[in-house]
$ cat run.txt   # compact mmCIF, C-alpha atoms and all ligand atoms
# COMPACT_ATOMS: atom_id res chain seq x y z
CA MET A 13 16.11 -11.95 20.45
CA LYS A 14 12.40 -11.69 19.77
CA LYS A 15 11.66 -10.00 16.47
CA LYS A 16 9.25 -7.09 16.32
CA ARG A 17 6.20 -7.76 14.27
CA ILE A 18 5.27 -5.43 11.42
CA LEU A 19 1.92 -5.55 9.66
CA SER A 20 0.43 -3.76 6.71
CA GLY A 21 -2.19 -4.35 4.04
CA MET A 22 -3.48 -3.19 0.69
CA ARG A 23 -6.99 -3.27 -0.70
CA PRO A 24 -7.27 -5.25 -3.93
CA THR A 25 -9.11 -2.54 -5.83
CA GLY A 26 -6.90 -2.60 -8.92
CA LYS A 27 -3.44 -2.94 -10.39
CA LEU A 28 -0.51 -1.48 -8.47
CA HIS A 29 1.15 1.63 -9.89
CA LEU A 30 4.50 3.31 -9.39
CA GLY A 31 3.01 5.36 -6.55
CA ASN A 32 2.29 2.11 -4.69
CA LEU A 33 5.72 0.76 -5.57
CA HIS A 34 7.77 3.72 -4.38
CA GLY A 35 5.33 4.92 -1.72
CA ALA A 36 4.73 1.63 0.08
CA LEU A 37 6.03 -1.54 -1.44
CA GLN A 38 9.72 -0.70 -1.54
CA ASN A 39 9.48 0.26 2.09
CA TRP A 40 7.86 -3.09 2.88
CA VAL A 41 10.75 -4.82 1.15
CA ARG A 42 13.25 -2.77 3.16
CA LEU A 43 11.53 -3.68 6.44
CA GLN A 44 11.44 -7.33 5.42
CA ASN A 45 15.20 -7.26 4.96
CA GLU A 46 15.87 -5.78 8.38
CA THR A 47 16.57 -8.74 10.60
CA THR A 48 14.87 -7.19 13.63
CA TYR A 49 11.44 -7.38 12.02
CA ASP A 50 8.99 -10.16 11.33
CA CYS A 51 6.73 -8.86 8.56
CA PHE A 52 3.10 -9.67 7.82
CA TYR A 53 1.59 -8.26 4.64
CA PHE A 54 -1.93 -9.00 3.58
CA ILE A 55 -4.60 -8.38 0.98
CA ALA A 56 -7.42 -6.46 2.67
CA ASP A 57 -10.24 -7.88 0.56
CA TRP A 58 -12.96 -7.33 3.16
CA HIS A 59 -11.84 -3.72 3.26
CA ALA A 60 -12.17 -3.55 -0.52
CA LEU A 61 -15.79 -4.66 -0.12
CA THR A 62 -16.57 -1.52 1.87
CA SER A 63 -16.49 0.47 -1.37
CA GLU A 64 -16.68 -2.28 -4.03
CA TYR A 65 -19.58 -4.29 -2.62
CA GLY A 66 -21.49 -3.73 -5.86
CA ASN A 67 -18.61 -4.70 -8.11
CA THR A 68 -16.91 -7.78 -6.77
CA GLY A 69 -16.08 -9.61 -9.99
CA LEU A 70 -12.40 -8.70 -10.08
CA LEU A 71 -11.48 -9.01 -6.41
CA LYS A 72 -9.86 -12.44 -6.64
CA GLU A 73 -7.98 -11.66 -9.81
CA ASN A 74 -6.79 -8.34 -8.39
CA SER A 75 -5.64 -10.04 -5.21
CA ARG A 76 -3.54 -12.54 -7.08
CA ASN A 77 -2.06 -9.88 -9.36
CA ILE A 78 -1.14 -7.74 -6.40
CA ILE A 79 0.64 -10.64 -4.75
CA ILE A 80 2.49 -11.20 -8.03
CA ASP A 81 3.56 -7.56 -7.95
CA TRP A 82 4.63 -7.86 -4.30
CA LEU A 83 6.85 -10.80 -5.12
CA SER A 84 8.14 -9.12 -8.26
CA ALA A 85 9.11 -6.07 -6.22
CA GLY A 86 11.14 -8.23 -3.85
CA LEU A 87 8.92 -9.53 -1.06
CA GLU A 88 9.96 -13.08 -0.26
CA PRO A 89 7.63 -15.66 1.23
CA ASP A 90 10.49 -17.14 3.27
CA LYS A 91 10.99 -13.84 5.02
CA SER A 92 7.52 -12.29 5.07
CA THR A 93 4.11 -13.81 5.73
CA LEU A 94 1.86 -12.93 2.80
CA PHE A 95 -1.81 -13.68 3.28
CA VAL A 96 -5.40 -12.84 2.41
CA GLN A 97 -7.62 -11.26 5.08
CA SER A 98 -10.81 -13.14 4.15
CA SER A 99 -8.99 -16.47 4.52
CA VAL A 100 -8.34 -15.80 8.19
CA LYS A 101 -11.87 -15.72 9.60
CA GLU A 102 -10.61 -14.73 13.05
CA HIS A 103 -10.37 -11.15 11.73
CA ALA A 104 -14.17 -11.12 11.49
CA GLU A 105 -14.56 -12.39 15.04
CA LEU A 106 -12.21 -9.82 16.52
CA PHE A 107 -13.90 -7.13 14.41
CA THR A 108 -17.25 -8.10 15.96
CA ILE A 109 -15.90 -7.85 19.47
CA LEU A 110 -14.11 -4.54 18.84
CA SER A 111 -17.32 -3.18 17.27
CA MET A 112 -19.03 -3.58 20.62
CA ILE A 113 -16.56 -1.36 22.44
CA THR A 114 -15.97 1.34 19.82
CA PRO A 115 -18.01 4.51 20.38
CA LEU A 116 -19.84 5.72 17.27
CA SER A 117 -18.49 9.23 17.79
CA TRP A 118 -14.91 8.01 17.25
CA LEU A 119 -15.89 6.66 13.84
CA GLU A 120 -18.04 9.59 12.78
CA ARG A 121 -15.29 12.13 13.39
CA ASN A 122 -12.67 10.12 11.48
CA PRO A 123 -11.32 12.52 8.82
CA THR A 124 -10.58 9.72 6.32
CA TYR A 125 -14.21 8.65 6.54
CA LYS A 126 -15.48 12.10 5.67
CA GLU A 127 -12.94 12.59 2.89
CA MET A 128 -13.52 9.26 1.22
CA LYS A 129 -17.24 9.69 1.34
CA ALA A 130 -16.93 13.02 -0.42
CA GLU A 131 -14.32 11.75 -2.88
CA LEU A 132 -16.26 8.66 -3.86
CA ALA A 133 -19.57 10.48 -4.06
CA GLU A 134 -20.69 8.32 -6.99
CA LYS A 135 -20.65 5.25 -4.73
CA ASP A 136 -23.07 4.96 -1.88
CA LEU A 137 -20.83 4.74 1.15
CA SER A 138 -23.55 5.34 3.70
CA THR A 139 -23.19 1.79 4.93
CA TYR A 140 -22.60 0.31 8.33
CA GLY A 141 -19.51 -1.51 7.03
CA PHE A 142 -17.90 1.60 5.64
CA LEU A 143 -18.33 3.46 8.91
CA GLY A 144 -16.75 0.47 10.65
CA TYR A 145 -13.75 0.36 8.29
CA PRO A 146 -11.27 1.46 10.99
CA VAL A 147 -12.61 -1.13 13.44
CA LEU A 148 -11.83 -3.90 10.97
CA GLN A 149 -8.41 -2.34 10.42
CA ALA A 150 -7.84 -2.32 14.17
CA ALA A 151 -8.69 -6.03 14.27
CA ASP A 152 -6.19 -6.71 11.46
CA ILE A 153 -3.42 -4.94 13.29
CA ILE A 154 -3.81 -6.14 16.85
CA MET A 155 -4.61 -9.73 15.84
CA TYR A 156 -0.86 -10.13 15.27
CA LYS A 157 0.08 -7.92 18.24
CA ALA A 158 1.90 -5.75 15.76
CA TYR A 159 4.62 -3.49 17.03
CA GLY A 160 4.55 -1.24 13.97
CA VAL A 161 2.33 -0.46 11.02
CA PRO A 162 4.08 1.00 7.97
CA VAL A 163 1.63 3.41 6.37
CA GLY A 164 1.44 6.68 4.49
CA VAL A 165 0.12 9.86 6.10
CA ASP A 166 -3.37 9.23 4.75
CA GLN A 167 -3.65 6.20 7.03
CA LEU A 168 -2.49 7.90 10.23
CA PRO A 169 -6.02 8.59 11.52
CA HIS A 170 -6.79 4.88 11.17
CA VAL A 171 -3.74 3.82 13.14
CA GLU A 172 -4.57 6.42 15.77
CA LEU A 173 -8.08 4.96 16.06
CA THR A 174 -6.56 1.50 16.36
CA ARG A 175 -4.50 2.73 19.28
CA GLU A 176 -7.58 4.17 20.99
CA ILE A 177 -9.65 1.04 20.45
CA THR A 178 -6.78 -1.10 21.73
CA ARG A 179 -6.41 0.97 24.88
CA ARG A 180 -10.12 0.64 25.48
CA PHE A 181 -9.98 -3.14 25.06
CA ASN A 182 -7.03 -3.42 27.43
CA PHE A 183 -8.80 -1.19 29.98
CA LEU A 184 -12.15 -3.02 29.84
CA TYR A 185 -10.80 -6.59 29.91
CA ARG A 186 -7.08 -6.97 30.40
CA GLU A 187 -3.77 -6.05 28.80
CA VAL A 188 -3.90 -8.47 25.92
CA PHE A 189 -2.54 -6.15 23.26
CA PRO A 190 0.51 -3.93 22.83
CA ILE A 191 -0.33 -0.48 21.44
CA PRO A 192 0.85 -0.46 17.82
CA LYS A 193 2.92 2.41 16.40
CA PRO A 194 2.52 3.95 12.97
CA LEU A 195 5.78 3.73 11.01
CA LEU A 196 5.57 6.67 8.66
CA THR A 197 7.12 5.90 5.34
CA GLU A 198 9.57 8.41 3.98
CA ALA A 199 9.12 8.07 0.28
CA PRO A 200 9.51 10.17 -2.83
CA LYS A 201 6.22 11.76 -3.79
CA VAL A 202 5.13 10.12 -7.01
CA LEU A 203 2.72 12.16 -9.09
CA GLY A 204 0.65 10.92 -11.99
CA ILE A 205 1.30 11.89 -15.60
CA ASP A 206 -1.07 14.88 -15.21
CA GLY A 207 0.81 16.17 -12.16
CA ARG A 208 -1.89 15.23 -9.64
CA LYS A 209 -1.46 12.51 -7.06
CA MET A 210 -1.05 9.17 -8.82
CA SER A 211 -4.36 7.36 -8.44
CA LYS A 212 -6.31 4.91 -10.52
CA SER A 213 -9.42 7.04 -10.13
CA TYR A 214 -7.68 9.93 -11.92
CA ASP A 215 -6.62 7.73 -14.84
CA ASN A 216 -3.09 9.18 -14.57
CA SER A 217 -1.14 6.14 -13.38
CA ILE A 218 1.90 4.33 -14.67
CA TYR A 219 1.30 0.75 -13.64
CA MET A 220 3.92 -1.72 -12.48
CA SER A 221 2.82 -3.86 -15.40
CA ASP A 222 3.12 -1.11 -18.06
CA ARG A 223 5.80 -1.87 -20.62
CA GLY A 224 7.21 -0.88 -24.00
CA ASN A 225 5.06 1.47 -26.01
CA VAL A 226 2.39 1.86 -23.34
CA LEU A 227 5.02 3.12 -20.95
CA LYS A 228 6.73 5.33 -23.55
CA GLN A 229 3.41 6.81 -24.58
CA LYS A 230 2.47 7.66 -20.99
CA ILE A 231 5.83 9.30 -20.37
CA SER A 232 5.62 11.35 -23.54
CA ALA A 233 2.22 12.60 -22.35
CA MET A 234 3.58 13.76 -18.98
CA PHE A 235 3.11 17.37 -17.88
CA THR A 236 6.38 19.30 -17.58
CA ASP A 237 7.27 22.79 -16.40
CA PRO A 238 4.10 24.65 -17.47
CA GLN A 239 6.04 27.83 -18.30
CA ARG A 240 8.34 26.08 -20.73
CA MET A 241 6.68 26.40 -24.13
CA LYS A 242 9.65 26.14 -26.48
CA LYS A 243 12.98 24.42 -26.21
CA SER A 244 14.67 27.84 -26.09
CA ASP A 245 12.83 28.69 -22.84
CA PRO A 246 14.92 27.83 -19.77
CA GLY A 247 13.14 25.17 -17.71
CA ARG A 248 12.63 24.73 -13.97
CA PRO A 249 13.36 21.10 -13.23
CA ASP A 250 12.33 21.43 -9.59
CA LEU A 251 8.77 22.13 -10.81
CA CYS A 252 8.79 19.33 -13.35
CA ASN A 253 7.39 15.88 -12.71
CA VAL A 254 9.58 14.33 -15.41
CA PHE A 255 12.58 15.52 -13.45
CA ALA A 256 11.14 14.06 -10.24
CA PHE A 257 11.03 10.69 -11.98
CA HIS A 258 14.60 11.10 -13.23
CA GLN A 259 15.60 11.51 -9.60
CA ILE A 260 14.16 8.07 -8.89
CA TYR A 261 15.29 6.22 -11.99
CA SER A 262 18.43 7.89 -13.37
CA PRO A 263 21.95 7.84 -11.94
CA GLY A 264 23.03 10.96 -10.04
CA SER A 265 25.39 12.16 -12.75
CA GLU A 266 22.62 12.07 -15.35
CA VAL A 267 20.21 13.84 -12.98
CA ASP A 268 22.77 16.65 -12.48
CA GLU A 269 23.35 16.91 -16.19
CA ILE A 270 19.65 17.11 -17.01
CA GLU A 271 19.11 19.70 -14.33
CA GLU A 272 21.77 21.93 -15.77
CA GLU A 273 20.86 21.40 -19.42
CA CYS A 274 17.21 22.07 -18.69
CA LYS A 275 17.95 25.31 -16.83
CA LYS A 276 20.13 26.44 -19.71
CA ALA A 277 17.57 25.43 -22.35
CA ARG A 278 19.99 22.98 -23.94
CA ILE A 279 17.81 19.90 -23.68
CA GLY A 280 14.25 19.67 -24.95
CA CYS A 281 11.43 17.99 -23.09
CA VAL A 282 10.93 15.39 -25.81
CA GLU A 283 14.53 14.26 -25.49
CA CYS A 284 14.38 14.40 -21.69
CA LYS A 285 11.28 12.18 -21.67
CA LYS A 286 12.86 9.69 -24.07
CA ARG A 287 15.78 9.33 -21.71
CA LEU A 288 13.41 8.89 -18.79
CA ALA A 289 11.43 6.20 -20.59
CA ALA A 290 14.64 4.29 -21.25
CA ARG A 291 15.65 4.55 -17.56
CA ILE A 292 12.26 3.42 -16.27
CA LEU A 293 12.18 0.49 -18.69
CA GLU A 294 15.65 -0.48 -17.55
CA GLY A 295 14.83 -0.06 -13.86
CA MET A 296 11.56 -1.98 -14.12
CA ASN A 297 13.03 -4.79 -16.20
CA PRO A 298 13.87 -7.15 -13.31
CA ILE A 299 10.36 -6.60 -11.91
CA HIS A 300 8.81 -7.32 -15.30
CA GLU A 301 10.84 -10.49 -15.62
CA ARG A 302 9.62 -11.73 -12.28
CA GLN A 303 6.03 -10.82 -13.22
CA ASP A 304 6.40 -12.99 -16.33
CA TYR A 305 7.79 -15.82 -14.27
CA TYR A 306 4.94 -15.80 -11.75
CA ARG A 307 2.24 -15.37 -14.36
CA ASN A 308 3.50 -18.59 -15.84
CA HIS A 309 3.68 -20.27 -12.44
CA LEU A 310 0.33 -19.46 -10.87
CA ASP A 311 0.42 -22.71 -8.91
CA GLU A 312 3.42 -21.30 -7.03
CA ILE A 313 1.42 -18.19 -6.20
CA ASP A 314 -1.45 -20.28 -4.87
CA GLU A 315 0.97 -22.23 -2.73
CA ILE A 316 2.59 -19.09 -1.34
CA ILE A 317 -0.83 -17.70 -0.44
CA SER A 318 -2.06 -20.84 1.23
CA ASP A 319 1.17 -21.17 3.18
CA GLY A 320 0.91 -17.52 4.31
CA ASN A 321 -2.74 -18.02 5.23
CA SER A 322 -1.90 -20.93 7.50
CA ARG A 323 0.98 -19.10 9.17
CA ALA A 324 -1.33 -16.14 9.86
CA THR A 325 -4.19 -18.38 11.01
CA LYS A 326 -1.99 -20.07 13.58
CA ILE A 327 -1.24 -16.77 15.28
CA ALA A 328 -4.79 -15.48 14.90
CA ARG A 329 -6.15 -18.59 16.64
CA MET A 330 -3.85 -18.10 19.61
CA THR A 331 -4.78 -14.44 19.88
CA MET A 332 -8.49 -15.23 19.75
CA GLU A 333 -8.15 -17.75 22.54
CA GLU A 334 -6.68 -15.04 24.71
CA VAL A 335 -9.34 -12.58 23.61
CA ARG A 336 -12.22 -14.93 24.41
CA GLU A 337 -10.74 -15.65 27.79
CA ALA A 338 -10.25 -11.95 28.53
CA VAL A 339 -13.79 -11.10 27.41
CA ARG A 340 -15.12 -14.23 29.16
CA ILE A 341 -17.03 -15.43 26.17
N1 LIG A 401 -6.73 0.94 5.00
C1 LIG A 401 -5.52 0.54 4.35
C2 LIG A 401 -5.40 1.27 3.02
O1 LIG A 401 -6.38 1.64 2.43
C3 LIG A 401 -5.48 -0.94 4.11
C4 LIG A 401 -5.46 -1.71 5.39
C5 LIG A 401 -6.44 -2.51 5.89
C6 LIG A 401 -4.40 -1.73 6.33
N2 LIG A 401 -6.06 -3.05 7.08
C7 LIG A 401 -4.81 -2.59 7.38
C8 LIG A 401 -3.14 -1.10 6.40
C9 LIG A 401 -4.00 -2.82 8.49
C10 LIG A 401 -2.34 -1.34 7.51
C11 LIG A 401 -2.76 -2.20 8.55
O2 LIG A 401 -4.30 1.46 2.55
FE1 LIG A 402 11.18 18.79 -17.36
FE2 LIG A 402 13.12 17.61 -18.68
FE3 LIG A 402 11.54 19.43 -19.87
FE4 LIG A 402 13.29 20.18 -18.06
S1 LIG A 402 13.76 19.25 -20.01
S2 LIG A 402 11.18 20.84 -18.18
S3 LIG A 402 13.26 18.46 -16.64
S4 LIG A 402 10.94 17.45 -19.11

$ encode --input "run.txt" --output "structure tokens"
Amino acid sequence: MKKKRILSGMRPTGKLHLGNLHGALQNWVRLQNETTYDCFYFIADWHALTSEYGNTGLLKENSRNIIIDWLSAGLEPDKSTLFVQSSVKEHAELFTILSMITPLSWLERNPTYKEMKAELAEKDLSTYGFLGYPVLQAADIIMYKAYGVPVGVDQLPHVELTREITRRFNFLYREVFPIPKPLLTEAPKVLGIDGRKMSKSYDNSIYMSDRGNVLKQKISAMFTDPQRMKKSDPGRPDLCNVFAFHQIYSPGSEVDEIEEECKKARIGCVECKKRLAARILEGMNPIHERQDYYRNHLDEIDEIISDGNSRATKIARMTMEEVREAVRI
């Protein structure tokens, strides 16, 4: 049976945090381990340039660290193809061709475009490349004739645009590409220590690399039920981010116990956080061990990347031959 191809990417704009781990990465690992899928995961470094063009010094280091975190979380190079976008130049060629057939109005009305521009107001995102972000993403996806693209809700408009651009290509030239489907990830919502969405720009993240006292300190600083001032006040675990993390990291029996003790004001938040810190440290330990291993074996990382790059390039070359023939260029 022919396996269905899955493709997704991350921009190397910084270290990965627990939001990335539980929101995306664990789902990637799950898809990798389903035998019906052939998974391609890549570092979208050209996409990172759309906002970081003035600050490129850390891109390579970030890319390598992210791949280390991918492997530490359980992605395996024998099962998944892990590669770097800028090493497969065919993405740029397909991007150029798709740019010619994408109406400006489709890009200008893209909600993610408007939001990001407003959110990152301190950066000048009035560039041609930033407007074309979804066209490059479309090239990434259809290059591998992906069946499915695992993404979070924030990326749905981009996948929808990919589908429209793909239909337009197929209509103008010929049916080269299947129309990719978004595979919406069902994941626990991971909030930052201040209760907002976990994001490096809010400085509220717990990173996959945080350990020991750094981790304990961040957990002790976490916001809890805002109405619980004293230990004698009954708490509302369903409104407490510490409890949300217990649901990810603690065994069910402990979660039930904490829920009850909190509601009856029999456990204090300090104690509850200490127990959480211990659970997270325990849960993250195998990941931290693998991080240590790979940091001491960077040559293995380089080999994994170059192997992934050549696997991806092979497919990209075949696709581009078909594309050039269809476009007659
Ligand atoms: N835009 C995606 C993000 O910010 C990253 C990305 C680039 C991507 N190309 C992709 C995701 C192709 C899925 C498929 O998260
Ligand atoms: Fe949250 Fe735990 Fe405090 Fe209850 S005891 S409010 S669950 S931190």

$ closest_atom_pairs --input "run.txt" --of "chain A" --to "ligand LIG 401 (chain A)" --cutoff "10 Å" --atoms "all atoms listed in the file" --output "CSV"
residue,atom,partner,partner_atom,distance
A:Ile18,CA,A:LIG401,C11,9.1
A:Leu19,CA,A:LIG401,C11,5.9
A:Ser20,CA,A:LIG401,C10,3.8
A:Gly21,CA,A:LIG401,C6,4.1
A:Met22,CA,A:LIG401,C3,4.6
A:Arg23,CA,A:LIG401,C3,5.6
A:Pro24,CA,A:LIG401,C3,9.3
A:Thr25,CA,A:LIG401,O1,9.7
A:Asn32,CA,A:LIG401,O2,9.8
A:Ala36,CA,A:LIG401,O2,9.4
A:Phe52,CA,A:LIG401,C11,9.5
A:Tyr53,CA,A:LIG401,C11,8.4
A:Phe54,CA,A:LIG401,C7,8.0
A:Ile55,CA,A:LIG401,C5,7.9
A:Ala56,CA,A:LIG401,C5,5.2
A:Asp57,CA,A:LIG401,C5,8.5
A:Trp58,CA,A:LIG401,C5,8.6
A:His59,CA,A:LIG401,C5,6.1
A:Ala60,CA,A:LIG401,O1,8.3
A:Gln97,CA,A:LIG401,N2,8.6
A:Thr124,CA,A:LIG401,N1,9.7
A:Tyr145,CA,A:LIG401,N1,7.8
A:Pro146,CA,A:LIG401,N1,7.5
A:Val147,CA,A:LIG401,N2,9.3
A:Leu148,CA,A:LIG401,N2,7.0
A:Gln149,CA,A:LIG401,N2,4.1
A:Ala150,CA,A:LIG401,C9,6.9
A:Ala151,CA,A:LIG401,C9,8.1
A:Asp152,CA,A:LIG401,C9,5.4
A:Ile153,CA,A:LIG401,C9,5.3
A:Ile154,CA,A:LIG401,C9,9.0
A:Ala158,CA,A:LIG401,C11,9.3
A:Gly160,CA,A:LIG401,C11,9.2
A:Val161,CA,A:LIG401,C10,5.9
A:Pro162,CA,A:LIG401,C10,6.8
A:Val163,CA,A:LIG401,C10,6.3
A:Gly164,CA,A:LIG401,O2,8.0
A:Asp166,CA,A:LIG401,O2,8.1
A:Gln167,CA,A:LIG401,N1,6.4
A:Leu168,CA,A:LIG401,C10,9.6
A:His170,CA,A:LIG401,N1,7.3
A:Val171,CA,A:LIG401,C11,7.6
A:Thr174,CA,A:LIG401,C9,9.3
A:Pro194,CA,A:LIG401,C10,9.0

$ closest_residue --input "run.txt" --among "A:Gly144, A:Gly207, A:Gly86, A:Pro190" --to "Val254 in chain A" --atoms "only C-alpha atoms"
A:Gly207

$ residues_near_ligand --input "run.txt" --ligand "ligand LIG 402 (chain A)" --cutoff "6 Å" --atoms "all atoms listed in the file" --output "VMD selection string"
chain A and resid 236 to 237 247 to 249 252 254 to 255 274 279 to 281 284 to 285

$ atom_distance --input "run.txt" --atom1 "CA of Val339 in chain A" --atom2 "CA of Arg186 in chain A"
8.4 Å

$ closest_residue --input "run.txt" --among "A:Lys27, A:His300, A:Lys101, A:Arg17" --to "Arg223 in chain A" --atoms "all atoms listed in the file"
A:His300

$ atom_distance --input "run.txt" --atom1 "CA of His29 in chain A" --atom2 "CA of Ile80 in chain A"
13.0 Å

$ decode --input "run.txt" --residues "range 159-204 of chain A" --atoms "C-alpha atoms" --output "JSON list (two decimals), in the first residue's frame"
[["chain", "number", "residue", "atom", "x", "y", "z"],
["A", 159, "TYR", "CA", -1.90, 14.46, 1.58],
["A", 160, "GLY", "CA", -2.13, 16.16, 4.97],
["A", 161, "VAL", "CA", -0.63, 19.07, 6.85],
["A", 162, "PRO", "CA", -0.75, 18.82, 10.65],
["A", 163, "VAL", "CA", -1.19, 22.36, 11.94],
["A", 164, "GLY", "CA", -2.83, 24.35, 14.70],
["A", 165, "VAL", "CA", -5.87, 26.55, 14.08],
["A", 166, "ASP", "CA", -3.68, 29.61, 13.57],
["A", 167, "GLN", "CA", -2.32, 28.05, 10.38],
["A", 168, "LEU", "CA", -5.67, 27.10, 8.85],
["A", 169, "PRO", "CA", -5.90, 30.21, 6.65],
["A", 170, "HIS", "CA", -2.49, 29.34, 5.19],
["A", 171, "VAL", "CA", -3.50, 25.79, 4.34],
["A", 172, "GLU", "CA", -6.73, 27.09, 2.84],
["A", 173, "LEU", "CA", -4.70, 29.45, 0.64],
["A", 174, "THR", "CA", -2.47, 26.56, -0.35],
["A", 175, "ARG", "CA", -5.55, 24.68, -1.49],
["A", 176, "GLU", "CA", -6.73, 27.63, -3.57],
["A", 177, "ILE", "CA", -3.33, 28.19, -5.16],
["A", 178, "THR", "CA", -3.06, 24.48, -5.92],
["A", 179, "ARG", "CA", -6.46, 24.38, -7.59],
["A", 180, "ARG", "CA", -5.46, 27.36, -9.68],
["A", 181, "PHE", "CA", -2.22, 25.68, -10.75],
["A", 182, "ASN", "CA", -4.03, 22.47, -11.66],
["A", 183, "PHE", "CA", -6.65, 24.44, -13.62],
["A", 184, "LEU", "CA", -4.16, 26.61, -15.54],
["A", 185, "TYR", "CA", -1.68, 23.85, -16.45],
["A", 186, "ARG", "CA", -2.65, 20.33, -15.53],
["A", 187, "GLU", "CA", -3.51, 18.18, -12.53],
["A", 188, "VAL", "CA", -0.03, 17.85, -11.13],
["A", 189, "PHE", "CA", -0.93, 18.24, -7.47],
["A", 190, "PRO", "CA", -3.36, 16.63, -5.04],
["A", 191, "ILE", "CA", -5.22, 19.17, -2.88],
["A", 192, "PRO", "CA", -3.71, 18.92, 0.61],
["A", 193, "LYS", "CA", -5.88, 18.66, 3.72],
["A", 194, "PRO", "CA", -5.26, 20.41, 7.01],
["A", 195, "LEU", "CA", -4.99, 17.88, 9.85],
["A", 196, "LEU", "CA", -6.11, 19.84, 12.87],
["A", 197, "THR", "CA", -4.22, 18.86, 15.95],
["A", 198, "GLU", "CA", -6.24, 18.10, 19.02],
["A", 199, "ALA", "CA", -3.95, 19.13, 21.79],
["A", 200, "PRO", "CA", -4.16, 20.37, 25.34],
["A", 201, "LYS", "CA", -4.04, 24.15, 25.45],
["A", 202, "VAL", "CA", -0.75, 25.07, 27.06],
["A", 203, "LEU", "CA", -0.66, 28.51, 28.63],
["A", 204, "GLY", "CA", 2.40, 30.40, 29.74]]
